[in-house]
Amino acid sequence: MKFCSVCAHPVALSIPPDDNRPRFVCPQCGTIHYQNPKMVVGSIPVWEREGETRVLLCKRAIEPRHGFWTLPAGFMENDETTADAALRETHEEAGANIILHGLFSLLNVPHVHQVHMFYRATLLDLNYLAGPESLEVSTFSESQIPWDEIAFPTVARTLRFFFEDNKKVGRGEKYGFHAYDIDKSTKE
Ligand code: ZN
């Protein structure tokens with residue numbers, strides 16, 4: 001941050017009184033510009049037929065990770081809930097009709113100042129259509145997942161958790177909730 005978003009004066013990094021880390025502080029109007037992690041919210045759209053489980057993925061048409069596959073997800077907007085964000089992103093990126101189930105994974109990515117979360121969802125039909133941020137949308141069984149072309153470690157890790165749980169559900173257990181921390185060296 002270079003300029004105060006309240007008064008446009010250049011800001012300076014300093015530790016405010018009673019605080020313990022540097023903040024962007026405006027020397028003109030006194031505003032302290034706190035910066036906090038951003039929420040990235042998405043869904044795991046699942047298509048189950050005749051004993052086969054497939055998950056919808058989108059091939060990214062935008063940077064970062066152009067051409068790599070991701071679960072539909074994006075930055076949460078103000079004035080929406082996490083469920084709203086998951087539904088909206090799934091519709092925008094994949095044109096997919098889903099119903100949401102429980103929150104499935106929550107992944108901290110502290111080095112990029114983000115928290116990612118994914119809801120399980122049922123894909124209601126196969127009438128999906130790539131939105132402007134996607135080159136292609138398709139469904140994949142576990143063995144078809146392009147593991148070497150997954151855009152983000154949070155997505156790869158969520159897919160691993162999902163297919164592990166999906167096998168347990170086939171044996172009568174329930175889906176779990178998975179919290180996980182990703183650092184710079186984590187591949188998934
Ligand atoms: Zn200011």
# chains A, B, ... in the order shown; residues from 1 in each chain; ligands from 1
call {"tool": "residues_around", "arguments": {"residues": "Leu56 in chain A", "least_positions_apart": "5", "cutoff": "12 Å", "atoms": "only C-alpha atoms", "output": "number ranges by chain"}}
result
A: 42-48, 69-73, 90, 93-98, 120-130, 136-142, 144-146, 155, 159
call {"tool": "select_by_dssp", "arguments": {"residues": "chain A", "states": "strand (DSSP E)", "output": "number ranges by chain"}}
result
A: 12-14, 23-25, 32-33, 38-49, 52-60, 69-70, 73-75, 98-109, 114-123, 134-140, 178-181
call {"tool": "residues_near_ligand", "arguments": {"ligand": "ligand 1", "cutoff": "6 Å", "atoms": "only C-alpha atoms and all ligand atoms", "output": "NGL selection string"}}
result
:A and (4 or 6-9 or 26 or 28-29 or 31)
call {"tool": "residues_around", "arguments": {"residues": "Pro64 in chain A", "least_positions_apart": "4", "cutoff": "12 Å", "atoms": "only C-alpha atoms", "output": "list in words"}}
result
Lys59, Arg60, Phe68, Trp69, Thr70, Glu133, Ile150, Ala151 and Phe152 of chain A
call {"tool": "residues_around", "arguments": {"residues": "Asn36 in chain A", "least_positions_apart": "2", "cutoff": "12 Å", "atoms": "only C-alpha atoms", "output": "PyMOL selection string"}}
result
chain A and resi 23+33-34+38-39+110+112-115
call {"tool": "closest_residue", "arguments": {"among": "A:Pro16, A:Gly51, A:Pro10, A:Gly131", "to": "Lys167 in chain A", "atoms": "only C-alpha atoms"}}
result
A:Gly51
call {"tool": "select_by_dssp", "arguments": {"residues": "chain A", "states": "alpha helix (DSSP H)", "output": "PyMOL selection string"}}
result
chain A and resi 82-94+153-170
call {"tool": "write_last_selection", "arguments": {"atoms": "C-alpha atoms", "output": "CSV table (one decimal), in the first residue's frame"}}
result
chain,number,residue,atom,x,y,z
A,82,THR,CA,-19.5,-18.4,2.4
A,83,ALA,CA,-22.2,-20.5,1.0
A,84,ASP,CA,-23.3,-17.7,-1.3
A,85,ALA,CA,-19.7,-17.3,-2.5
A,86,ALA,CA,-19.4,-21.1,-3.2
A,87,LEU,CA,-22.6,-21.1,-5.2
A,88,ARG,CA,-21.7,-17.9,-7.1
A,89,GLU,CA,-18.2,-19.0,-8.1
A,90,THR,CA,-19.5,-22.4,-9.2
A,91,HIS,CA,-22.1,-20.7,-11.4
A,92,GLU,CA,-19.7,-18.1,-12.8
A,93,GLU,CA,-16.8,-20.5,-13.6
A,94,ALA,CA,-18.6,-23.6,-14.5
A,153,PRO,CA,-2.1,-27.3,-3.4
A,154,THR,CA,-5.4,-26.5,-1.6
A,155,VAL,CA,-7.4,-28.0,-4.5
A,156,ALA,CA,-5.1,-31.1,-4.7
A,157,ARG,CA,-5.3,-31.7,-1.0
A,158,THR,CA,-9.1,-31.2,-0.9
A,159,LEU,CA,-9.5,-33.7,-3.8
A,160,ARG,CA,-7.3,-36.2,-1.9
A,161,PHE,CA,-9.4,-35.8,1.2
A,162,PHE,CA,-12.6,-36.1,-0.8
A,163,PHE,CA,-11.7,-39.3,-2.5
A,164,GLU,CA,-10.4,-40.8,0.7
A,165,ASP,CA,-13.7,-40.0,2.4
A,166,ASN,CA,-15.8,-41.1,-0.5
A,167,LYS,CA,-14.5,-44.6,-0.2
A,168,LYS,CA,-15.4,-44.6,3.5
A,169,VAL,CA,-18.9,-43.3,2.7
A,170,GLY,CA,-19.2,-46.3,0.4
call {"tool": "closest_residue", "arguments": {"among": "A:Arg21, A:His178, A:Arg54, A:His66", "to": "Asn108 in chain A", "atoms": "only C-alpha atoms"}}
result
A:His178
call {"tool": "residues_around", "arguments": {"residues": "Ala12 in chain A", "least_positions_apart": "5", "cutoff": "9 Å", "atoms": "only C-alpha atoms", "output": "MDAnalysis selection string"}}
result
chainID A and resid 1:3 23:27
call {"tool": "residues_around", "arguments": {"residues": "His116 in chain A", "least_positions_apart": "6", "cutoff": "6 Å", "atoms": "only C-alpha atoms", "output": "PyMOL selection string"}}
result
chain A and resi 39-41+106-107
call {"tool": "write_last_selection", "arguments": {"atoms": "C-alpha atoms", "output": "compact mmCIF listing (two decimals), in the first residue's frame"}}
result
# COMPACT_ATOMS: atom_id res chain seq x y z
CA MET A 39 -11.18 -15.84 2.01
CA VAL A 40 -11.24 -18.06 -1.08
CA VAL A 41 -14.42 -20.16 -1.21
CA LEU A 106 -10.55 -25.42 5.40
CA LEU A 107 -6.97 -24.73 4.36
call {"tool": "atom_distance", "arguments": {"atom1": "CA of Glu50 in chain A", "atom2": "CA of Arg171 in chain A"}}
result
15.7 Å
call {"tool": "decode", "arguments": {"residues": "range 20-31 of chain A", "atoms": "all heavy atoms", "output": "compact mmCIF listing (two decimals), in the first residue's frame"}}
result
# COMPACT_ATOMS: atom_id res chain seq x y z
N ASN A 20 1.54 -4.76 17.95
CA ASN A 20 2.83 -5.45 17.98
C ASN A 20 3.37 -5.79 16.59
O ASN A 20 4.31 -6.56 16.46
CB ASN A 20 2.73 -6.72 18.84
CG ASN A 20 1.61 -7.64 18.35
OD1 ASN A 20 1.13 -7.48 17.22
ND2 ASN A 20 1.19 -8.55 19.19
N ARG A 21 2.74 -5.25 15.55
CA ARG A 21 3.31 -5.49 14.21
C ARG A 21 3.11 -4.25 13.35
O ARG A 21 2.21 -3.44 13.59
CB ARG A 21 2.70 -6.72 13.56
CG ARG A 21 1.21 -6.66 13.34
CD ARG A 21 0.75 -7.87 12.55
NE ARG A 21 0.79 -9.10 13.32
CZ ARG A 21 0.97 -10.31 12.80
NH1 ARG A 21 1.13 -10.45 11.50
NH2 ARG A 21 0.97 -11.39 13.56
N PRO A 22 3.98 -4.10 12.34
CA PRO A 22 3.90 -2.89 11.50
C PRO A 22 2.59 -2.85 10.71
O PRO A 22 2.11 -3.88 10.23
CB PRO A 22 5.10 -3.05 10.55
CG PRO A 22 5.97 -4.08 11.15
CD PRO A 22 5.09 -4.98 11.94
N ARG A 23 2.01 -1.65 10.63
CA ARG A 23 0.79 -1.42 9.85
C ARG A 23 1.04 -0.22 8.94
O ARG A 23 1.88 0.63 9.23
CB ARG A 23 -0.39 -1.06 10.76
CG ARG A 23 -0.61 -1.96 11.95
CD ARG A 23 -1.23 -3.26 11.57
NE ARG A 23 -1.53 -4.07 12.76
CZ ARG A 23 -1.96 -5.32 12.70
NH1 ARG A 23 -2.17 -5.91 11.53
NH2 ARG A 23 -2.20 -6.00 13.80
N PHE A 24 0.26 -0.14 7.88
CA PHE A 24 0.28 1.08 7.07
C PHE A 24 -0.56 2.13 7.79
O PHE A 24 -1.76 1.98 7.96
CB PHE A 24 -0.27 0.82 5.66
CG PHE A 24 0.65 -0.02 4.82
CD1 PHE A 24 0.35 -1.33 4.51
CD2 PHE A 24 1.86 0.53 4.36
CE1 PHE A 24 1.22 -2.10 3.74
CE2 PHE A 24 2.73 -0.24 3.58
CZ PHE A 24 2.41 -1.56 3.27
N VAL A 25 0.12 3.20 8.22
CA VAL A 25 -0.55 4.25 8.99
C VAL A 25 -0.47 5.55 8.20
O VAL A 25 0.57 5.87 7.60
CB VAL A 25 0.14 4.44 10.36
CG1 VAL A 25 -0.53 5.55 11.15
CG2 VAL A 25 0.12 3.14 11.16
N CYS A 26 -1.59 6.28 8.16
CA CYS A 26 -1.61 7.56 7.45
C CYS A 26 -1.21 8.68 8.40
O CYS A 26 -1.89 8.92 9.39
CB CYS A 26 -2.99 7.82 6.89
SG CYS A 26 -3.08 9.44 6.06
N PRO A 27 -0.08 9.38 8.10
CA PRO A 27 0.35 10.45 9.01
C PRO A 27 -0.56 11.68 8.92
O PRO A 27 -0.53 12.52 9.80
CB PRO A 27 1.77 10.79 8.52
CG PRO A 27 1.84 10.29 7.12
CD PRO A 27 0.84 9.19 6.98
N GLN A 28 -1.38 11.77 7.86
CA GLN A 28 -2.25 12.95 7.73
C GLN A 28 -3.57 12.79 8.49
O GLN A 28 -3.93 13.63 9.28
CB GLN A 28 -2.54 13.22 6.25
CG GLN A 28 -3.47 14.43 6.03
CD GLN A 28 -3.34 15.00 4.64
OE1 GLN A 28 -2.40 15.75 4.36
NE2 GLN A 28 -4.27 14.63 3.78
N CYS A 29 -4.29 11.67 8.22
CA CYS A 29 -5.61 11.53 8.86
C CYS A 29 -5.61 10.52 10.01
O CYS A 29 -6.62 10.37 10.70
CB CYS A 29 -6.68 11.18 7.82
SG CYS A 29 -6.62 9.46 7.26
N GLY A 30 -4.49 9.82 10.20
CA GLY A 30 -4.38 8.92 11.35
C GLY A 30 -4.99 7.54 11.14
O GLY A 30 -4.93 6.70 12.04
N THR A 31 -5.56 7.28 9.97
CA THR A 31 -6.17 5.96 9.73
C THR A 31 -5.10 4.86 9.74
O THR A 31 -4.04 5.03 9.14
CB THR A 31 -6.90 5.93 8.37
OG1 THR A 31 -7.91 6.94 8.38
CG2 THR A 31 -7.54 4.57 8.11
